[in-house]
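Enquirer: See entry_25.txt below, with compact mmCIF, C-alpha atoms.
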```txt
# COMPACT_ATOMS: atom_id res chain seq x y z
CA MET A 38 -146.06 183.20 -146.15
CA THR A 39 -146.94 186.88 -146.20
CA GLY A 40 -143.38 188.13 -146.29
CA ARG A 41 -143.85 189.85 -142.97
CA SER A 42 -141.55 189.24 -140.01
CA SER A 43 -142.87 187.21 -137.08
CA ILE A 44 -142.25 188.75 -133.66
CA ALA A 45 -142.81 187.31 -130.19
CA ALA A 46 -142.01 189.03 -126.91
CA HIS A 47 -142.17 188.31 -123.20
CA SER A 48 -143.56 191.10 -121.05
CA GLN A 49 -141.23 190.78 -118.05
CA PRO A 50 -140.47 194.29 -116.73
CA ARG A 51 -136.76 194.94 -117.08
CA ALA A 52 -136.76 198.02 -114.86
CA TRP A 53 -137.45 196.04 -111.70
CA VAL A 54 -134.79 193.44 -112.53
CA ASP A 55 -132.24 196.13 -113.37
CA ASN A 56 -132.85 197.79 -110.02
CA ALA A 57 -132.66 194.46 -108.18
CA VAL A 58 -129.24 193.73 -109.68
CA ARG A 59 -128.13 197.24 -108.77
CA LEU A 60 -129.22 196.75 -105.16
CA ILE A 61 -127.26 193.49 -104.84
CA GLU A 62 -124.14 194.93 -106.47
CA ALA A 63 -124.31 198.04 -104.28
CA ASP A 64 -124.64 195.82 -101.22
CA ALA A 65 -121.51 193.90 -102.27
CA ARG A 66 -119.51 197.11 -102.70
CA ARG A 67 -120.52 198.32 -99.24
CA SER A 68 -119.18 195.12 -97.72
CA ALA A 69 -115.41 194.90 -97.43
CA ASP A 70 -113.83 191.53 -98.20
CA THR A 71 -113.56 189.09 -95.32
CA HIS A 72 -110.34 188.96 -93.31
CA LEU A 73 -107.60 186.38 -93.65
CA LEU A 74 -106.30 185.57 -90.17
CA ARG A 75 -103.02 183.90 -89.29
CA TYR A 76 -103.76 181.14 -86.80
CA PRO A 77 -101.37 181.26 -83.82
CA LEU A 78 -99.43 178.00 -83.92
CA PRO A 79 -97.88 176.82 -80.64
CA SER A 80 -94.81 178.72 -79.48
CA ALA A 81 -93.25 175.37 -78.58
CA TRP A 82 -92.82 174.73 -82.31
CA GLY A 83 -90.37 177.63 -82.56
CA GLU A 84 -90.72 181.11 -84.05
CA ASP A 85 -89.78 179.93 -87.53
CA CYS A 86 -91.32 176.47 -87.61
CA GLY A 87 -91.59 176.45 -91.41
CA VAL A 88 -95.36 176.10 -91.63
CA ALA A 89 -98.21 178.58 -91.29
CA LEU A 90 -101.98 178.25 -91.01
CA TYR A 91 -104.43 180.88 -92.24
CA LEU A 92 -108.18 181.18 -91.68
CA LYS A 93 -110.41 182.98 -94.18
CA ASP A 94 -112.98 184.46 -91.79
CA GLU A 95 -116.30 184.15 -93.61
CA SER A 96 -118.22 184.79 -90.39
CA THR A 97 -117.65 188.53 -90.91
CA HIS A 98 -120.12 188.69 -93.81
CA ILE A 99 -123.26 190.73 -93.13
CA THR A 100 -125.26 187.53 -92.61
CA GLY A 101 -122.49 185.83 -90.66
CA SER A 102 -121.35 182.92 -92.79
CA LEU A 103 -119.64 181.60 -95.91
CA LYS A 104 -123.09 181.15 -97.47
CA HIS A 105 -123.47 184.91 -97.98
CA ARG A 106 -121.33 184.60 -101.13
CA LEU A 107 -123.46 181.73 -102.43
CA ALA A 108 -126.75 183.48 -101.71
CA ARG A 109 -125.62 186.59 -103.59
CA SER A 110 -124.58 184.50 -106.58
CA LEU A 111 -127.82 182.50 -106.61
CA PHE A 112 -129.96 185.63 -106.58
CA LEU A 113 -127.96 187.21 -109.40
CA TYR A 114 -128.16 183.93 -111.33
CA GLY A 115 -131.94 183.83 -110.93
CA LEU A 116 -132.39 187.48 -111.81
CA CYS A 117 -130.17 187.43 -114.89
CA ASN A 118 -131.76 184.21 -116.17
CA GLY A 119 -135.20 185.79 -115.88
CA TRP A 120 -136.41 183.40 -113.17
CA ILE A 121 -136.83 186.01 -110.42
CA CYS A 122 -138.94 189.08 -111.02
CA GLU A 123 -141.07 191.46 -108.99
CA GLY A 124 -143.26 189.58 -106.52
CA THR A 125 -141.60 186.16 -107.05
CA THR A 126 -141.72 183.90 -104.01
CA VAL A 127 -138.18 182.62 -103.51
CA ILE A 128 -137.74 179.14 -102.04
CA GLU A 129 -134.71 177.18 -100.89
CA ALA A 130 -133.89 173.77 -99.41
CA SER A 131 -131.43 174.64 -96.64
CA SER A 132 -130.14 173.41 -93.30
CA GLY A 133 -129.84 176.98 -92.10
CA SER A 134 -126.94 179.24 -93.02
CA THR A 135 -127.73 179.47 -96.74
CA ALA A 136 -131.32 180.32 -95.89
CA VAL A 137 -130.22 183.02 -93.43
CA SER A 138 -128.25 184.72 -96.19
CA GLU A 139 -130.94 184.20 -98.82
CA ALA A 140 -133.60 185.65 -96.51
CA TYR A 141 -131.43 188.76 -96.27
CA PHE A 142 -131.27 189.20 -100.05
CA ALA A 143 -134.98 188.47 -100.45
CA ALA A 144 -135.73 191.21 -97.91
CA LEU A 145 -133.35 193.56 -99.74
CA LEU A 146 -135.43 193.05 -102.90
CA GLY A 147 -138.81 193.01 -101.14
CA LEU A 148 -139.53 189.37 -102.05
CA PRO A 149 -141.21 186.66 -99.93
CA PHE A 150 -138.83 183.85 -98.90
CA ILE A 151 -139.50 180.30 -97.69
CA ALA A 152 -136.76 178.03 -96.30
CA VAL A 153 -137.43 174.28 -96.38
CA MET A 154 -135.40 172.55 -93.68
CA THR A 155 -135.39 169.65 -91.26
CA SER A 156 -137.09 170.08 -87.91
CA SER A 157 -133.73 169.40 -86.20
CA THR A 158 -132.21 172.70 -87.42
CA SER A 159 -130.92 174.77 -84.49
CA ALA A 160 -133.41 177.22 -82.99
CA SER A 161 -130.91 180.06 -83.32
CA LYS A 162 -130.70 179.60 -87.11
CA VAL A 163 -134.49 179.49 -87.40
CA ALA A 164 -134.63 182.74 -85.44
CA LEU A 165 -132.06 184.34 -87.75
CA ILE A 166 -134.08 183.41 -90.85
CA GLU A 167 -137.28 184.75 -89.32
CA SER A 168 -135.54 187.94 -88.19
CA GLN A 169 -134.82 188.65 -91.88
CA GLY A 170 -138.49 188.21 -92.74
CA GLY A 171 -138.17 184.65 -94.03
CA ARG A 172 -140.58 181.82 -93.30
CA CYS A 173 -139.44 178.34 -92.24
CA HIS A 174 -141.17 175.24 -93.57
CA PHE A 175 -140.14 172.02 -91.81
CA VAL A 176 -139.81 168.40 -92.94
CA ASP A 177 -138.84 165.33 -90.92
CA GLU A 178 -135.93 163.98 -93.00
CA SER A 179 -133.15 165.74 -94.90
CA THR A 180 -133.93 163.68 -98.00
CA GLN A 181 -137.38 165.33 -98.19
CA VAL A 182 -136.20 168.93 -98.59
CA TYR A 183 -135.63 168.82 -102.36
CA ALA A 184 -139.07 167.56 -103.40
CA GLU A 185 -140.84 169.77 -100.87
CA ALA A 186 -139.04 172.89 -102.13
CA GLU A 187 -140.00 171.99 -105.71
CA ARG A 188 -143.61 171.43 -104.63
CA LEU A 189 -143.81 174.80 -102.88
CA ALA A 190 -142.30 176.55 -105.90
CA ALA A 191 -144.94 174.99 -108.17
CA GLU A 192 -147.71 175.79 -105.70
CA THR A 193 -146.74 179.45 -105.31
CA GLY A 194 -145.52 180.05 -108.86
CA GLY A 195 -142.21 180.90 -107.25
CA HIS A 196 -138.54 180.17 -107.93
CA TYR A 197 -136.60 177.34 -106.24
CA LEU A 198 -133.02 178.62 -105.94
CA ASP A 199 -131.71 175.01 -105.67
CA GLN A 200 -128.32 175.65 -104.11
CA PHE A 201 -127.32 172.00 -104.43
CA THR A 202 -127.56 172.08 -108.23
CA ASN A 203 -126.69 175.69 -108.97
CA ALA A 204 -123.86 176.42 -106.52
CA GLU A 205 -121.09 175.43 -108.93
CA ARG A 206 -122.59 177.22 -111.93
CA ALA A 207 -123.85 180.43 -110.30
CA THR A 208 -120.38 181.48 -109.10
CA ASP A 209 -117.79 182.84 -111.53
CA TRP A 210 -114.91 180.46 -110.78
CA ARG A 211 -112.47 182.39 -112.98
CA GLY A 212 -112.39 185.35 -110.62
CA ASN A 213 -114.63 188.38 -110.09
CA ASN A 214 -113.62 188.47 -106.41
CA ASN A 215 -114.73 184.95 -105.67
CA ILE A 216 -113.38 183.32 -102.51
CA ALA A 217 -110.42 181.70 -104.30
CA GLU A 218 -109.25 184.91 -105.94
CA SER A 219 -109.61 186.70 -102.60
CA ILE A 220 -107.47 184.11 -100.79
CA TYR A 221 -104.59 184.39 -103.25
CA HIS A 222 -104.76 188.19 -103.28
CA GLN A 223 -104.60 188.32 -99.48
CA MET A 224 -101.77 185.77 -99.33
CA ALA A 225 -99.59 187.72 -101.78
CA ASP A 226 -97.21 189.24 -99.19
CA GLU A 227 -96.97 186.24 -96.86
CA GLN A 228 -93.82 184.15 -96.49
CA HIS A 229 -95.43 181.28 -98.40
CA PRO A 230 -97.91 183.09 -100.69
CA ILE A 231 -98.99 180.04 -102.69
CA PRO A 232 -100.61 177.64 -100.22
CA GLU A 233 -99.56 174.02 -100.20
CA TRP A 234 -103.14 173.11 -99.32
CA ILE A 235 -106.56 174.73 -99.14
CA VAL A 236 -108.98 172.84 -96.91
CA VAL A 237 -112.77 173.13 -97.16
CA GLY A 238 -115.85 171.11 -96.29
CA ALA A 239 -118.62 170.23 -98.73
CA GLY A 240 -122.28 171.08 -98.25
CA THR A 241 -123.39 171.88 -101.76
CA GLY A 242 -119.91 171.29 -103.18
CA GLY A 243 -119.90 174.79 -104.66
CA THR A 244 -116.97 176.15 -102.63
CA SER A 245 -114.68 173.24 -103.46
CA ALA A 246 -115.72 173.45 -107.13
CA THR A 247 -114.92 177.17 -107.27
CA ILE A 248 -111.55 176.84 -105.53
CA GLY A 249 -110.51 173.70 -107.41
CA ARG A 250 -111.31 175.24 -110.78
CA TYR A 251 -109.59 178.50 -109.93
CA ILE A 252 -106.41 176.67 -108.86
CA ARG A 253 -106.27 174.96 -112.25
CA TYR A 254 -107.21 178.09 -114.18
CA ARG A 255 -104.36 180.04 -112.57
CA ARG A 256 -101.99 177.03 -112.74
CA TYR A 257 -101.11 177.17 -109.03
CA GLY A 258 -99.38 174.25 -107.34
CA THR A 259 -101.87 174.29 -104.46
CA LYS A 260 -103.73 171.07 -103.66
CA LEU A 261 -107.36 170.98 -102.52
CA CYS A 262 -108.42 168.86 -99.56
CA VAL A 263 -112.13 168.36 -98.83
CA VAL A 264 -113.03 167.27 -95.31
CA ASP A 265 -116.26 165.35 -94.77
CA PRO A 266 -118.21 164.52 -91.59
CA GLU A 267 -119.74 161.20 -90.61
CA ASN A 268 -122.85 160.00 -92.48
CA SER A 269 -122.00 162.02 -95.59
CA ALA A 270 -122.06 160.53 -99.08
CA PHE A 271 -119.28 162.72 -100.50
CA PHE A 272 -116.30 160.73 -99.18
CA PRO A 273 -117.49 157.20 -100.03
CA ALA A 274 -118.57 158.41 -103.48
CA TYR A 275 -115.12 159.96 -104.00
CA ALA A 276 -113.28 156.86 -102.75
CA GLN A 277 -115.40 154.45 -104.79
CA GLN A 278 -115.73 156.77 -107.80
CA ASP A 279 -119.47 156.21 -107.61
CA PRO A 280 -121.70 159.31 -107.62
CA THR A 281 -124.81 157.23 -106.86
CA VAL A 282 -123.75 156.55 -103.25
CA VAL A 283 -126.36 157.43 -100.62
CA THR A 284 -126.04 157.06 -96.86
CA GLY A 285 -129.64 157.27 -95.69
CA ALA A 286 -128.55 159.40 -92.73
CA SER A 287 -128.09 163.10 -92.03
CA SER A 288 -124.84 164.76 -91.04
CA ARG A 289 -124.65 165.90 -87.43
CA ILE A 290 -122.33 168.77 -88.39
CA GLU A 291 -124.59 171.56 -89.62
CA GLY A 292 -123.78 173.07 -93.00
CA ILE A 293 -121.64 170.26 -94.41
CA GLY A 294 -122.14 166.62 -95.35
CA ARG A 295 -125.08 165.32 -97.37
CA PRO A 296 -126.92 161.96 -97.56
CA ARG A 297 -126.46 161.99 -101.34
CA VAL A 298 -123.85 163.40 -103.73
CA GLU A 299 -125.10 166.83 -104.76
CA PRO A 300 -124.84 167.92 -108.41
CA SER A 301 -122.51 170.82 -107.54
CA PHE A 302 -119.83 168.53 -106.07
CA LEU A 303 -117.02 168.03 -108.60
CA PRO A 304 -114.70 165.23 -107.39
CA GLU A 305 -112.34 165.70 -110.33
CA VAL A 306 -111.01 169.00 -108.90
CA VAL A 307 -110.35 167.53 -105.42
CA ASP A 308 -106.86 166.18 -104.62
CA ARG A 309 -107.65 164.50 -101.31
CA MET A 310 -110.65 163.78 -99.09
CA VAL A 311 -110.58 163.11 -95.35
CA VAL A 312 -113.36 161.82 -93.12
CA VAL A 313 -113.48 163.70 -89.81
CA PRO A 314 -115.35 162.09 -86.88
CA ASP A 315 -118.08 164.32 -85.48
CA ALA A 316 -116.44 164.26 -82.04
CA SER A 317 -113.23 165.57 -83.62
CA SER A 318 -115.10 168.40 -85.37
CA VAL A 319 -116.58 169.46 -82.04
CA ALA A 320 -113.24 169.18 -80.22
CA ALA A 321 -111.45 171.26 -82.85
CA ALA A 322 -114.18 173.92 -82.84
CA ARG A 323 -113.96 174.24 -79.07
CA HIS A 324 -110.16 174.17 -79.13
CA ALA A 325 -109.92 176.89 -81.77
CA SER A 326 -112.53 178.96 -79.94
CA HIS A 327 -110.26 178.98 -76.91
CA VAL A 328 -107.18 179.84 -78.98
CA LEU A 329 -108.92 182.63 -80.94
CA GLY A 330 -110.89 184.01 -78.00
CA ARG A 331 -114.24 183.68 -79.80
CA ARG A 332 -116.49 180.82 -80.81
CA VAL A 333 -116.30 179.21 -84.25
CA GLY A 334 -118.86 176.80 -85.65
CA PRO A 335 -118.61 173.00 -85.91
CA SER A 336 -117.86 172.92 -89.65
CA THR A 337 -114.90 175.19 -88.91
CA GLY A 338 -113.79 172.49 -86.50
CA THR A 339 -114.01 169.95 -89.32
CA ASN A 340 -111.88 172.22 -91.51
CA LEU A 341 -109.29 172.69 -88.77
CA TRP A 342 -109.04 169.00 -87.97
CA GLY A 343 -108.11 168.39 -91.61
CA ALA A 344 -105.72 171.36 -91.68
CA PHE A 345 -103.93 170.26 -88.50
CA GLY A 346 -103.34 166.83 -90.00
CA LEU A 347 -101.81 168.35 -93.13
CA LEU A 348 -99.57 170.65 -91.07
CA ALA A 349 -98.30 167.66 -89.10
CA GLU A 350 -97.69 165.77 -92.35
CA MET A 351 -95.70 168.68 -93.78
CA LYS A 352 -93.64 169.02 -90.59
CA GLY A 353 -92.97 165.28 -90.50
CA GLN A 354 -91.71 165.38 -94.09
CA GLY A 355 -89.57 168.45 -93.43
CA ARG A 356 -91.56 170.59 -95.85
CA SER A 357 -92.32 174.27 -95.27
CA GLY A 358 -95.36 176.11 -96.58
CA SER A 359 -98.81 177.41 -95.80
CA VAL A 360 -102.25 175.87 -95.34
CA VAL A 361 -105.47 177.89 -95.72
CA THR A 362 -108.91 176.96 -94.46
CA LEU A 363 -112.16 178.73 -93.57
CA ILE A 364 -114.04 180.00 -90.56
CA ALA A 365 -117.42 179.13 -92.04
CA ASP A 366 -119.59 180.78 -89.38
CA SER A 367 -119.66 181.88 -85.77
CA GLY A 368 -120.00 179.42 -82.93
CA ASP A 369 -122.46 181.77 -81.26
CA ARG A 370 -125.14 180.15 -83.43
CA TYR A 371 -124.50 176.85 -81.64
CA VAL A 372 -124.43 177.80 -77.96
CA ASP A 373 -127.36 175.49 -77.26
CA THR A 374 -125.93 172.57 -79.28
CA TYR A 375 -122.23 171.99 -80.01
CA PHE A 376 -121.11 174.19 -77.11
CA CYS A 377 -123.58 172.59 -74.70
CA ASP A 378 -122.29 169.48 -72.89
CA GLU A 379 -125.81 168.23 -72.17
CA TRP A 380 -126.79 168.40 -75.84
CA LEU A 381 -123.61 166.61 -76.93
CA SER A 382 -124.28 163.86 -74.42
CA SER A 383 -127.84 163.47 -75.75
CA GLN A 384 -126.36 163.01 -79.23
CA GLY A 385 -123.81 160.47 -78.05
CA ILE A 386 -120.88 162.72 -78.91
CA ASP A 387 -117.85 162.50 -76.58
CA SER A 388 -115.09 164.82 -77.75
CA SER A 389 -112.66 164.16 -74.87
CA GLU A 390 -110.38 161.75 -76.77
CA SER A 391 -110.13 164.13 -79.74
CA ALA A 392 -109.39 167.00 -77.35
CA GLU A 393 -106.40 165.01 -76.04
CA VAL A 394 -105.15 164.54 -79.62
CA LEU A 395 -105.21 168.31 -80.07
CA VAL A 396 -103.26 168.88 -76.84
CA GLU A 397 -100.57 166.44 -77.99
CA PHE A 398 -100.55 168.02 -81.45
CA GLU A 399 -99.83 171.44 -79.95
CA ARG A 400 -97.10 170.00 -77.75
CA SER A 401 -95.24 167.94 -80.35
CA CYS A 402 -96.87 168.48 -83.79
CA VAL A 403 -97.49 164.74 -83.83
CA TRP A 404 -100.83 163.68 -85.35
CA ARG A 405 -102.45 160.40 -84.44
```
What is this file in structure tokens?
Expert:
Amino acid sequence: MTGRSSIAAHSQPRAWVDNAVRLIEADARRSADTHLLRYPLPSAWGEDCGVALYLKDESTHITGSLKHRLARSLFLYGLCNGWICEGTTVIEASSGSTAVSEAYFAALLGLPFIAVMTSSTSASKVALIESQGGRCHFVDESTQVYAEAERLAAETGGHYLDQFTNAERATDWRGNNNIAESIYHQMADEQHPIPEWIVVGAGTGGTSATIGRYIRYRRYGTKLCVVDPENSAFFPAYAQQDPTVVTGASSRIEGIGRPRVEPSFLPEVVDRMVVVPDASSVAAARHASHVLGRRVGPSTGTNLWGAFGLLAEMKGQGRSGSVVTLIADSGDRYVDTYFCDEWLSSQGIDSSESAEVLVEFERSCVWR
């Protein structure tokens, strides 16, 4: 030993990172919070029917979906951990909406972006990613996206954002204007300000993790219901308490449902899970689009199917209160798929029976 201090340093330029964080934070401040809409329940139920349904409209984000929040958090997480710097190629495994939002933030920072997705992703989402300057890299099966994204990151020396692992840890679940804090703030002056239920779907599991944790942190009496489409591993894993469940099939409802249980899904913060048939998701999306006068996406239909069932349960038990769910994205992204009868027929999806259930629900508030 010479008695001298040993010093080691990494030469990552802080100035670029500091400016990148500033750009993202400035972008967030320019964007007002998304609206909370009161869903018009049927007049046949009476003016004071005791229950109310609210929709947190995440489609009004700059990039048009709930995933805008996640993309912002993932970029800040990568920047502040030192994984993203000037010139880094940013890569994600995404079915569409997350990649649309991430392509936006990559363009904001002047970084190349590659989205790894299945070849079945809707053409409109691919166009949205490319319009932001992103590049789409296709694989045949949804199970291939993870390894391919990792391979591309290694090949380019880039950073794999890995939404499925990092969604629950990149978001500050204690507050900082996350989606849960926003919901409760906007509900403050409503007749039933503390929701009986909040209903969300699971894609990464990050949204349900954030909301479930926040409910417990603030000691609210709200319960969290996660709705899951066909072919997804989340529900059977939850029911069987087995996180190793895999389905070997892809969800037909874009943005939610996974063939495996993603690391960001935290079943311990979920109070109830409900499987929603794909035909019911489509029927509810179309039904709500008619009621609201604008299209909402299929995962919003999944959310609403679950919310309608909870409203009927509350009415049947004579309980009053509010239910909150999300408009995850606009249905305009799905004109050539879920709002196209020919495409639905080609997929073997017949939503007519579910549409009849919704008509009866509006007439009598009976759920079957």
Enquirer: Rounded to one decimal, what separation in Å do you get between atom CA of Ala191 of chain A and atom CA of Cys122 of chain A?
Expert: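 That distance, rounded to one decimal, is 15.6 Å.
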Enquirer: Between A:Ala217, A:Pro77, A:Arg370, A:Val307, which residue has the minimum interatomic distance to Gly330 of chain A, considering all atoms listed in the file?
Expert: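 Of A:Ala217, A:Pro77, A:Arg370, A:Val307, the one nearest Gly330 of chain A, counting all atoms listed in the file, is A:Pro77.
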Enquirer: Let me make sure I understand: among A:Tyr371, A:Arg51, A:Arg41, A:Ala81, which one has the smallest atom-to-atom distance to Gly133 of chain A if we use all atoms listed in the file?
Expert: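 Residue with the minimum atom-to-atom distance to Gly133 of chain A: A:Tyr371.
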Enquirer: Name the closest residue to Val176 of chain A among the candidates A:Asp378, A:Tyr257, A:Tyr114, A:Ala130; distances are taken between atoms, counting only C-alpha atoms.
Expert: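 The shortest atom-to-atom distance to Val176 of chain A comes from A:Ala130.
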Enquirer: How big is the axis-aligned box around all listed atoms of segment 159-178 of chain A once 6 Å goes on each side, and where's its centre, in Å to one decimal, as AutoDock Vina command-line options?
Expert:
```
--center_x -135.9 --center_y 176.3 --center_z -88.5 --size_x 22.5 --size_y 36.7 --size_z 23.0
```
Enquirer: For segment 89-100 of chain A, list every protein, DNA or RNA residue within 8 Å, evaluated using all atoms listed in the file, and leave out those in the same chain fewer than 3 positions away; present the list as a PDB file with C-alpha atoms, in the frame of the given file.
Expert:
```
ATOM      1  CA  SER A  68    -119.180 195.120 -97.720  1.00  0.00           C
ATOM      2  CA  THR A  71    -113.560 189.090 -95.320  1.00  0.00           C
ATOM      3  CA  HIS A  72    -110.340 188.960 -93.310  1.00  0.00           C
ATOM      4  CA  LEU A  73    -107.600 186.380 -93.650  1.00  0.00           C
ATOM      5  CA  LEU A  74    -106.300 185.570 -90.170  1.00  0.00           C
ATOM      6  CA  ARG A  75    -103.020 183.900 -89.290  1.00  0.00           C
ATOM      7  CA  TYR A  76    -103.760 181.140 -86.800  1.00  0.00           C
ATOM      8  CA  PRO A  77    -101.370 181.260 -83.820  1.00  0.00           C
ATOM      9  CA  LEU A  78     -99.430 178.000 -83.920  1.00  0.00           C
ATOM     10  CA  LEU A 103    -119.640 181.600 -95.910  1.00  0.00           C
ATOM     11  CA  HIS A 105    -123.470 184.910 -97.980  1.00  0.00           C
ATOM     12  CA  VAL A 137    -130.220 183.020 -93.430  1.00  0.00           C
ATOM     13  CA  SER A 138    -128.250 184.720 -96.190  1.00  0.00           C
ATOM     14  CA  TYR A 141    -131.430 188.760 -96.270  1.00  0.00           C
ATOM     15  CA  ILE A 220    -107.470 184.110-100.790  1.00  0.00           C
ATOM     16  CA  ALA A 344    -105.720 171.360 -91.680  1.00  0.00           C
ATOM     17  CA  LEU A 348     -99.570 170.650 -91.070  1.00  0.00           C
ATOM     18  CA  GLY A 358     -95.360 176.110 -96.580  1.00  0.00           C
ATOM     19  CA  SER A 359     -98.810 177.410 -95.800  1.00  0.00           C
ATOM     20  CA  VAL A 360    -102.250 175.870 -95.340  1.00  0.00           C
ATOM     21  CA  VAL A 361    -105.470 177.890 -95.720  1.00  0.00           C
ATOM     22  CA  THR A 362    -108.910 176.960 -94.460  1.00  0.00           C
ATOM     23  CA  LEU A 363    -112.160 178.730 -93.570  1.00  0.00           C
ATOM     24  CA  ILE A 364    -114.040 180.000 -90.560  1.00  0.00           C
ATOM     25  CA  ALA A 365    -117.420 179.130 -92.040  1.00  0.00           C
ATOM     26  CA  ASP A 366    -119.590 180.780 -89.380  1.00  0.00           C
ATOM     27  CA  SER A 367    -119.660 181.880 -85.770  1.00  0.00           C
TER      28      SER A 367
END
```
Enquirer: Would you kindly return, as an mmCIF file with C-alpha atoms, in the coordinates of the input, each protein, DNA or RNA residue with an atom no farther than 6 Å from any atom of Gly294 of chain A, considering all atoms listed in the file and excluding same-chain residues fewer than 4 positions away?
Expert:
```cif
data_model
loop_
_atom_site.group_PDB
_atom_site.id
_atom_site.type_symbol
_atom_site.label_atom_id
_atom_site.label_comp_id
_atom_site.auth_asym_id
_atom_site.auth_seq_id
_atom_site.Cartn_x
_atom_site.Cartn_y
_atom_site.Cartn_z
ATOM 1 C CA GLY A 240 -122.280 171.080 -98.250
ATOM 2 C CA PRO A 266 -118.210 164.520 -91.590
ATOM 3 C CA SER A 269 -122.000 162.020 -95.590
ATOM 4 C CA SER A 288 -124.840 164.760 -91.040
#
```
Enquirer: Would you please work out which residue, of A:Arg109, A:His229, A:His324, A:Arg332, is nearest to Glu399 of chain A when using all atoms listed in the file?
Expert: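 Comparing A:Arg109, A:His229, A:His324, A:Arg332 against Glu399 of chain A, the winner is A:His324.
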Enquirer: Can you tell me which residues surround segment 168-172 of chain A at a distance of at most 8 Å, considering only C-alpha atoms, apart from same-chain residues fewer than 2 positions away, and format the answer as a count of residues only?
Expert: 12
